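Coordinates from target-v8.txt are shown below (compact mmCIF, C-alpha atoms).
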# COMPACT_ATOMS: atom_id res chain seq x y z
CA MET C 138 -173.51 104.29 76.62
CA PRO C 139 -171.87 106.24 79.43
CA HIS C 140 -171.54 103.94 82.41
CA ASN C 141 -170.62 106.47 84.99
CA ALA C 142 -173.31 109.13 85.03
CA THR C 143 -173.13 112.00 87.48
CA PRO C 144 -176.05 111.69 89.94
CA LEU C 145 -178.54 114.29 88.79
CA HIS C 146 -179.35 115.42 92.33
CA ALA C 147 -175.70 116.43 92.61
CA ILE C 148 -176.13 119.18 90.02
CA PRO C 149 -177.63 122.25 91.73
CA VAL C 150 -180.04 123.33 89.01
CA VAL C 151 -183.34 125.07 89.60
CA THR C 152 -186.61 123.78 88.22
CA VAL C 153 -187.62 125.43 84.96
CA SER C 154 -190.79 127.37 85.61
CA ALA C 155 -193.79 126.15 83.69
CA GLY C 156 -194.08 129.56 82.07
CA LEU C 157 -190.63 129.42 80.46
CA ARG C 158 -190.67 129.16 76.67
CA ALA C 159 -188.37 127.07 74.45
CA GLY C 160 -186.50 130.17 73.30
CA GLU C 161 -185.77 131.39 76.82
CA LEU C 162 -182.73 130.64 78.96
CA SER C 163 -183.59 128.96 82.26
CA GLY C 164 -180.43 130.19 83.94
CA ASN C 165 -179.30 126.57 84.49
CA ALA C 166 -176.76 126.34 81.69
CA PRO C 167 -173.93 128.26 83.43
CA THR C 168 -174.31 125.87 86.38
CA LEU C 169 -173.80 123.03 83.95
CA LEU C 170 -170.56 124.60 82.67
CA ARG C 171 -169.25 124.60 86.25
CA GLU C 172 -170.30 120.97 86.62
CA ILE C 173 -168.42 120.07 83.40
CA ALA C 174 -165.31 121.80 84.78
CA GLU C 175 -165.65 119.67 87.92
CA MET C 176 -165.96 116.52 85.78
CA LEU C 177 -162.76 117.50 83.90
CA ARG C 178 -160.92 117.99 87.21
CA ARG C 179 -162.06 114.50 88.25
CA LEU C 180 -160.91 113.06 84.90
CA LEU C 181 -157.46 114.61 85.34
CA ALA C 182 -157.20 113.48 88.96
CA THR C 183 -158.51 109.91 88.65
CA ASP C 184 -158.88 109.08 84.91
CA ALA C 185 -162.57 108.47 85.64
CA GLY C 186 -164.93 109.58 82.90
CA SER C 187 -168.50 110.67 83.59
CA ALA C 188 -171.59 111.85 81.76
CA ILE C 189 -174.58 114.14 82.17
CA ASP C 190 -177.94 113.16 80.72
CA LEU C 191 -179.13 116.45 79.24
CA GLN C 192 -182.73 115.25 78.91
CA ALA C 193 -182.95 114.57 82.63
CA LEU C 194 -182.21 118.20 83.48
CA PRO C 195 -184.55 121.19 83.38
CA LEU C 196 -183.02 122.78 80.27
CA THR C 197 -184.79 124.63 77.49
CA PRO C 198 -183.78 124.26 73.82
CA ALA C 199 -182.26 127.75 74.17
CA ASP C 200 -180.12 126.48 77.06
CA LEU C 201 -178.77 123.66 74.88
CA ILE C 202 -177.94 126.07 72.05
CA TRP C 203 -176.21 128.42 74.51
CA LEU C 204 -174.25 125.55 76.07
CA ARG C 205 -173.18 124.10 72.74
CA ALA C 206 -171.99 127.50 71.53
CA ARG C 207 -169.95 128.05 74.73
CA LEU C 208 -168.32 124.61 74.43
CA GLY C 209 -167.54 125.14 70.74
CA GLU C 210 -166.60 122.65 68.03
CA GLY C 211 -163.57 120.36 68.20
CA GLU C 212 -161.71 118.52 65.46
CA VAL C 213 -162.85 114.96 66.13
CA ALA C 214 -166.29 113.55 65.33
CA VAL C 215 -167.34 109.95 65.81
CA THR C 216 -170.35 108.27 64.29
CA LEU C 217 -171.64 104.93 65.46
CA ASN C 218 -174.08 103.04 63.32
CA ALA C 219 -175.85 100.47 65.46
CA ASP C 220 -179.63 100.31 65.75
CA GLY C 221 -179.84 104.02 64.85
CA ASP C 222 -176.99 106.49 64.47
CA SER C 223 -175.11 108.05 67.31
CA SER C 224 -172.80 111.01 66.98
CA LEU C 225 -170.07 111.91 69.43
CA ASN C 226 -168.63 115.31 68.65
CA GLU C 227 -165.62 116.57 70.50
CA THR C 228 -166.14 120.13 71.67
CA ALA C 229 -163.46 122.81 71.53
CA CYS C 230 -162.84 121.79 75.14
CA PRO C 231 -160.76 118.60 74.75
CA GLY C 232 -162.18 115.69 76.72
CA VAL C 233 -165.74 117.07 76.54
CA TRP C 234 -167.94 115.22 74.01
CA TRP C 235 -171.46 116.10 72.91
CA VAL C 236 -173.22 112.77 72.40
CA THR C 237 -176.52 112.35 70.52
CA HIS C 238 -178.25 108.98 70.10
CA ARG C 239 -180.94 108.63 67.43
CA ASN C 240 -183.43 105.84 66.76
CA PRO C 241 -183.56 104.09 63.35
CA GLN C 242 -186.07 106.75 62.23
CA GLY C 243 -183.55 109.50 62.98
CA ALA C 244 -185.27 111.02 66.01
CA VAL C 245 -183.07 112.05 68.95
CA VAL C 246 -183.65 109.58 71.78
CA SER C 247 -181.02 110.82 74.20
CA GLU C 248 -178.40 113.50 74.53
CA PHE C 249 -175.41 113.46 76.86
CA ILE C 250 -172.31 115.39 77.67
CA GLU C 251 -169.57 112.83 78.18
CA VAL C 252 -166.28 113.76 79.80
CA ALA C 253 -163.54 111.28 78.90
CA TYR C 254 -160.22 111.08 77.07
CA VAL C 255 -162.01 108.74 74.66
CA PRO C 256 -165.78 108.10 74.61
CA ASP C 257 -166.62 104.59 75.81
CA VAL C 258 -168.26 103.44 72.58
CA VAL C 259 -165.16 104.11 70.45
CA ARG C 260 -163.03 101.59 72.30
CA ALA C 261 -162.99 98.10 70.77
CA PRO C 262 -163.77 95.68 73.66
CA ARG C 263 -160.97 93.18 74.24
CA GLU C 264 -163.35 90.21 73.92
CA ASP C 265 -164.46 91.47 70.49
CA VAL C 266 -160.82 91.78 69.39
CA VAL C 267 -160.29 88.13 70.39
CA ILE C 268 -163.31 87.02 68.31
CA GLY C 269 -162.21 89.14 65.32
CA LEU C 270 -158.72 87.68 65.46
CA GLU C 271 -160.16 84.16 65.33
CA SER C 272 -162.17 85.05 62.19
CA LEU C 273 -159.08 86.55 60.57
CA GLU C 274 -157.06 83.44 61.39
CA SER C 275 -159.76 81.21 59.85
CA LEU C 276 -159.82 83.38 56.75
CA SER C 277 -156.02 83.27 56.44
CA ALA C 278 -156.06 79.49 56.82
CA GLU C 279 -158.65 79.16 54.02
CA LEU C 280 -156.54 81.32 51.74
CA SER C 281 -153.26 79.48 52.21
CA MET G 286 -150.46 109.69 63.21
CA PRO G 287 -149.64 106.14 64.28
CA HIS G 288 -146.50 106.29 66.38
CA ASN G 289 -145.64 102.65 66.37
CA ALA G 290 -145.36 101.52 62.76
CA THR G 291 -144.46 97.94 61.93
CA PRO G 292 -141.04 97.93 60.22
CA LEU G 293 -141.80 97.38 56.56
CA HIS G 294 -138.91 94.97 56.05
CA ALA G 295 -140.63 92.74 58.61
CA ILE G 296 -143.55 92.10 56.23
CA PRO G 297 -142.56 89.36 53.76
CA VAL G 298 -144.15 90.79 50.62
CA VAL G 299 -142.83 90.28 47.10
CA THR G 300 -142.10 93.16 44.76
CA VAL G 301 -144.94 93.91 42.37
CA SER G 302 -143.73 93.13 38.87
CA ALA G 303 -143.57 96.14 36.59
CA GLY G 304 -146.03 94.44 34.24
CA LEU G 305 -148.79 94.19 36.85
CA ARG G 306 -151.82 96.37 36.14
CA ALA G 307 -153.90 98.34 38.67
CA GLY G 308 -156.75 95.86 38.40
CA GLU G 309 -154.59 92.81 39.11
CA LEU G 310 -153.87 91.23 42.48
CA SER G 311 -150.17 91.14 43.33
CA GLY G 312 -150.57 88.19 45.69
CA ASN G 313 -149.34 90.33 48.59
CA ALA G 314 -152.69 91.08 50.23
CA PRO G 315 -153.13 87.66 51.96
CA THR G 316 -149.68 88.14 53.51
CA LEU G 317 -150.91 91.44 54.89
CA LEU G 318 -153.94 89.72 56.48
CA ARG G 319 -151.55 87.40 58.33
CA GLU G 320 -149.50 90.43 59.42
CA ILE G 321 -152.67 92.12 60.75
CA ALA G 322 -153.48 88.94 62.73
CA GLU G 323 -149.97 89.11 64.23
CA MET G 324 -150.52 92.79 65.15
CA LEU G 325 -153.79 91.85 66.88
CA ARG G 326 -152.05 89.10 68.86
CA ARG G 327 -149.45 91.70 69.94
CA LEU G 328 -152.22 94.14 70.91
CA LEU G 329 -153.91 91.49 73.07
CA ALA G 330 -150.62 90.41 74.65
CA THR G 331 -149.04 93.80 75.34
CA ASP G 332 -151.69 96.52 74.66
CA ALA G 333 -149.26 97.92 72.08
CA GLY G 334 -150.90 99.34 68.96
CA SER G 335 -149.16 99.37 65.60
CA ALA G 336 -149.74 100.48 62.03
CA ILE G 337 -148.92 99.53 58.45
CA ASP G 338 -148.30 102.26 55.87
CA LEU G 339 -150.16 100.87 52.86
CA GLN G 340 -148.46 103.25 50.44
CA ALA G 341 -145.03 101.94 51.40
CA LEU G 342 -145.94 98.40 50.31
CA PRO G 343 -146.08 96.95 46.80
CA LEU G 344 -149.87 96.77 46.58
CA THR G 345 -152.06 97.39 43.55
CA PRO G 346 -155.41 99.22 43.80
CA ALA G 347 -157.02 95.79 43.34
CA ASP G 348 -155.10 94.53 46.38
CA LEU G 349 -156.49 97.38 48.49
CA ILE G 350 -160.05 96.68 47.33
CA TRP G 351 -159.59 92.96 48.07
CA LEU G 352 -158.15 93.71 51.51
CA ARG G 353 -160.85 96.18 52.43
CA ALA G 354 -163.58 93.72 51.40
CA ARG G 355 -162.00 90.94 53.50
CA LEU G 356 -161.73 93.20 56.56
CA GLY G 357 -165.34 94.42 56.13
CA GLU G 358 -167.10 97.42 57.63
CA GLY G 359 -167.48 98.05 61.36
CA GLU G 360 -169.92 100.24 63.26
CA VAL G 361 -167.60 103.08 64.30
CA ALA G 362 -166.29 105.80 62.00
CA VAL G 363 -164.14 108.72 63.11
CA THR G 364 -163.50 111.90 61.17
CA LEU G 365 -160.78 114.33 62.08
CA ASN G 366 -160.82 117.79 60.59
CA ALA G 367 -157.37 119.29 60.91
CA ASP G 368 -155.43 120.60 57.91
CA GLY G 369 -157.38 118.26 55.62
CA ASP G 370 -159.81 115.53 56.63
CA SER G 371 -158.84 112.17 57.99
CA SER G 372 -161.17 109.22 58.30
CA LEU G 373 -160.65 106.29 60.61
CA ASN G 374 -163.12 103.52 59.89
CA GLU G 375 -163.34 100.53 62.11
CA THR G 376 -163.41 97.34 60.09
CA ALA G 377 -165.63 94.37 60.90
CA CYS G 378 -162.55 93.07 62.71
CA PRO G 379 -162.65 95.02 66.00
CA GLY G 380 -159.38 96.79 66.76
CA VAL G 381 -158.46 97.05 63.05
CA TRP G 382 -158.95 100.57 61.65
CA TRP G 383 -158.63 101.71 58.04
CA VAL G 384 -157.12 105.19 58.19
CA THR G 385 -157.10 107.66 55.29
CA HIS G 386 -155.50 111.11 55.49
CA ARG G 387 -156.40 113.73 52.88
CA ASN G 388 -154.90 117.12 52.12
CA PRO G 389 -157.06 120.29 52.19
CA GLN G 390 -157.84 119.70 48.48
CA GLY G 391 -159.28 116.26 49.32
CA ALA G 392 -156.55 114.12 47.75
CA VAL G 393 -155.45 111.02 49.68
CA VAL G 394 -151.97 111.67 51.07
CA SER G 395 -151.56 108.54 53.13
CA GLU G 396 -153.36 105.35 54.00
CA PHE G 397 -152.71 103.11 56.98
CA ILE G 398 -154.06 100.09 58.73
CA GLU G 399 -153.95 100.87 62.43
CA VAL G 400 -154.35 98.14 65.02
CA ALA G 401 -155.42 99.56 68.38
CA TYR G 402 -158.29 99.51 70.85
CA VAL G 403 -158.70 103.21 70.05
CA PRO G 404 -156.87 105.06 67.25
CA ASP G 405 -154.28 107.47 68.63
CA VAL G 406 -155.83 110.62 67.18
CA VAL G 407 -159.18 110.11 68.93
CA ARG G 408 -157.70 110.34 72.40
CA ALA G 409 -157.73 113.86 73.90
CA PRO G 410 -154.17 114.52 75.12
CA ARG G 411 -154.01 115.17 78.85
CA GLU G 412 -152.19 118.50 78.36
CA ASP G 413 -154.99 119.70 76.06
CA VAL G 414 -157.59 118.74 78.67
CA VAL G 415 -155.69 120.88 81.22
CA ILE G 416 -155.72 123.89 78.85
CA GLY G 417 -159.43 123.39 78.00
CA LEU G 418 -160.32 123.21 81.68
CA GLU G 419 -158.54 126.53 82.29
CA SER G 420 -160.59 128.17 79.49
CA LEU G 421 -163.79 126.75 80.93
CA GLU G 422 -162.91 128.04 84.40
CA SER G 423 -162.22 131.53 82.99
CA LEU G 424 -165.53 131.46 81.13
CA SER G 425 -167.39 130.37 84.28
CA ALA G 426 -165.72 133.13 86.29
CA GLU G 427 -166.81 135.75 83.73
CA LEU G 428 -170.38 134.50 83.87
CA SER G 429 -170.74 134.55 87.64
As structure tokens:
Amino acid sequence: MPHNATPLHAIPVVTVSAGLRAGELSGNAPTLLREIAEMLRRLLATDAGSAIDLQALPLTPADLIWLRARLGEGEVAVTLNADGDSSLNETACPGVWWVTHRNPQGAVVSEFIEVAYVPDVVRAPREDVVIGLESLESLSAELS
Amino acid sequence: MPHNATPLHAIPVVTVSAGLRAGELSGNAPTLLREIAEMLRRLLATDAGSAIDLQALPLTPADLIWLRARLGEGEVAVTLNADGDSSLNETACPGVWWVTHRNPQGAVVSEFIEVAYVPDVVRAPREDVVIGLESLESLSAELS
């Protein structure tokens, strides 16, 4: 999970009017593109990744489709199978990842844009590598 | 592609006898497990990743099946779609990735074991992030 989320109040979006339908653009998506650019500048300057929780913002389904089309498709896709599937798809904008978490029944439970050289979940934690090495050493000892 | 391959002469395998069939174990796979453990120790000590080219070693198909079963399946899988598909599957041993590159016709062209916190190809290169940011800024300027 992204550990360094951009504070939502920092993104100057307007509230989606109650009358707006799913197929209509709220006008907030271009603001989000500018926010992503700012997140990329921060990544380049400080190596710090960050993420936007798309469900916490006043975006319509049409906004998400518009945004995804503008960001495009990249070459790298990551799937994570742990208590439901997650997909992390690199966009055509390197360093910008579209992240979707699903529950074991396949329903989307959260959706993020993560800005990072590598999404957090892909990195093997050092402590896990230590434990895995111990298992491998035990296995090698049994075999010899 | 892994940039830091283990020199093959450093892995003390024996030559597969000409009479060995595809379904037979050559006896080399346990040696490879010990080599992978050594690569993990190096990763933990120096952060340096490394890789073994499985096609450059005297391994039978049965050896590869045996090895893959011993390493197990992890939670993370990466696909890379660029001039043929590549898959990078984390094994149950964190930091050990089974990497398969295919040509556009789907045939396996190379197979590696990569030892790294994150496989090289997943990381967005900094220079690509700079170029992507410029595109995003142009797009934002057009929209405003």
Distance in Å - atom CA of Arg263 of chain C versus atom CA of Gly232 of chain C
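Computing it gives 22.7 Å between the two atoms.
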Residues of chain G within 7 Å of chain C, using only C-alpha atoms, as a ChimeraX atom specification?
/G:315,318-319,322,325,360-367,378-380,402-403,407-409,413-414,417-418,421-422,425
Would you pick out the contacts of Leu344 of chain G at 7 Å or less, using all atoms listed in the file, so that residues sharing its chain but fewer than 5 positions from it are not included, and give the list as a list in words?
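My list of contacting residues is Ser311, Asn313 and Leu349 of chain G.
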Separation of atom CA of Val400 of chain G from atom CA of Arg387 of chain G, in Å and rounded to one decimal
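Computed distance, atom CA of Val400 of chain G to atom CA of Arg387 of chain G, equals 19.9 Å.
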Would you mind reading off the distance between atom CA of Pro346 of chain G and atom CA of Gly312 of chain G, one decimal, in Å?
12.2 Å
Might you pull out every residue within 10 Å of Arg353 of chain G, with all atoms listed in the file counted and same-chain residues fewer than 5 positions away left off, and present them as a list in words?
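Non-adjacent residues within range: Ala314, Ala347, Asp348, Glu358, Thr376, Ala377 and Trp383 of chain G.
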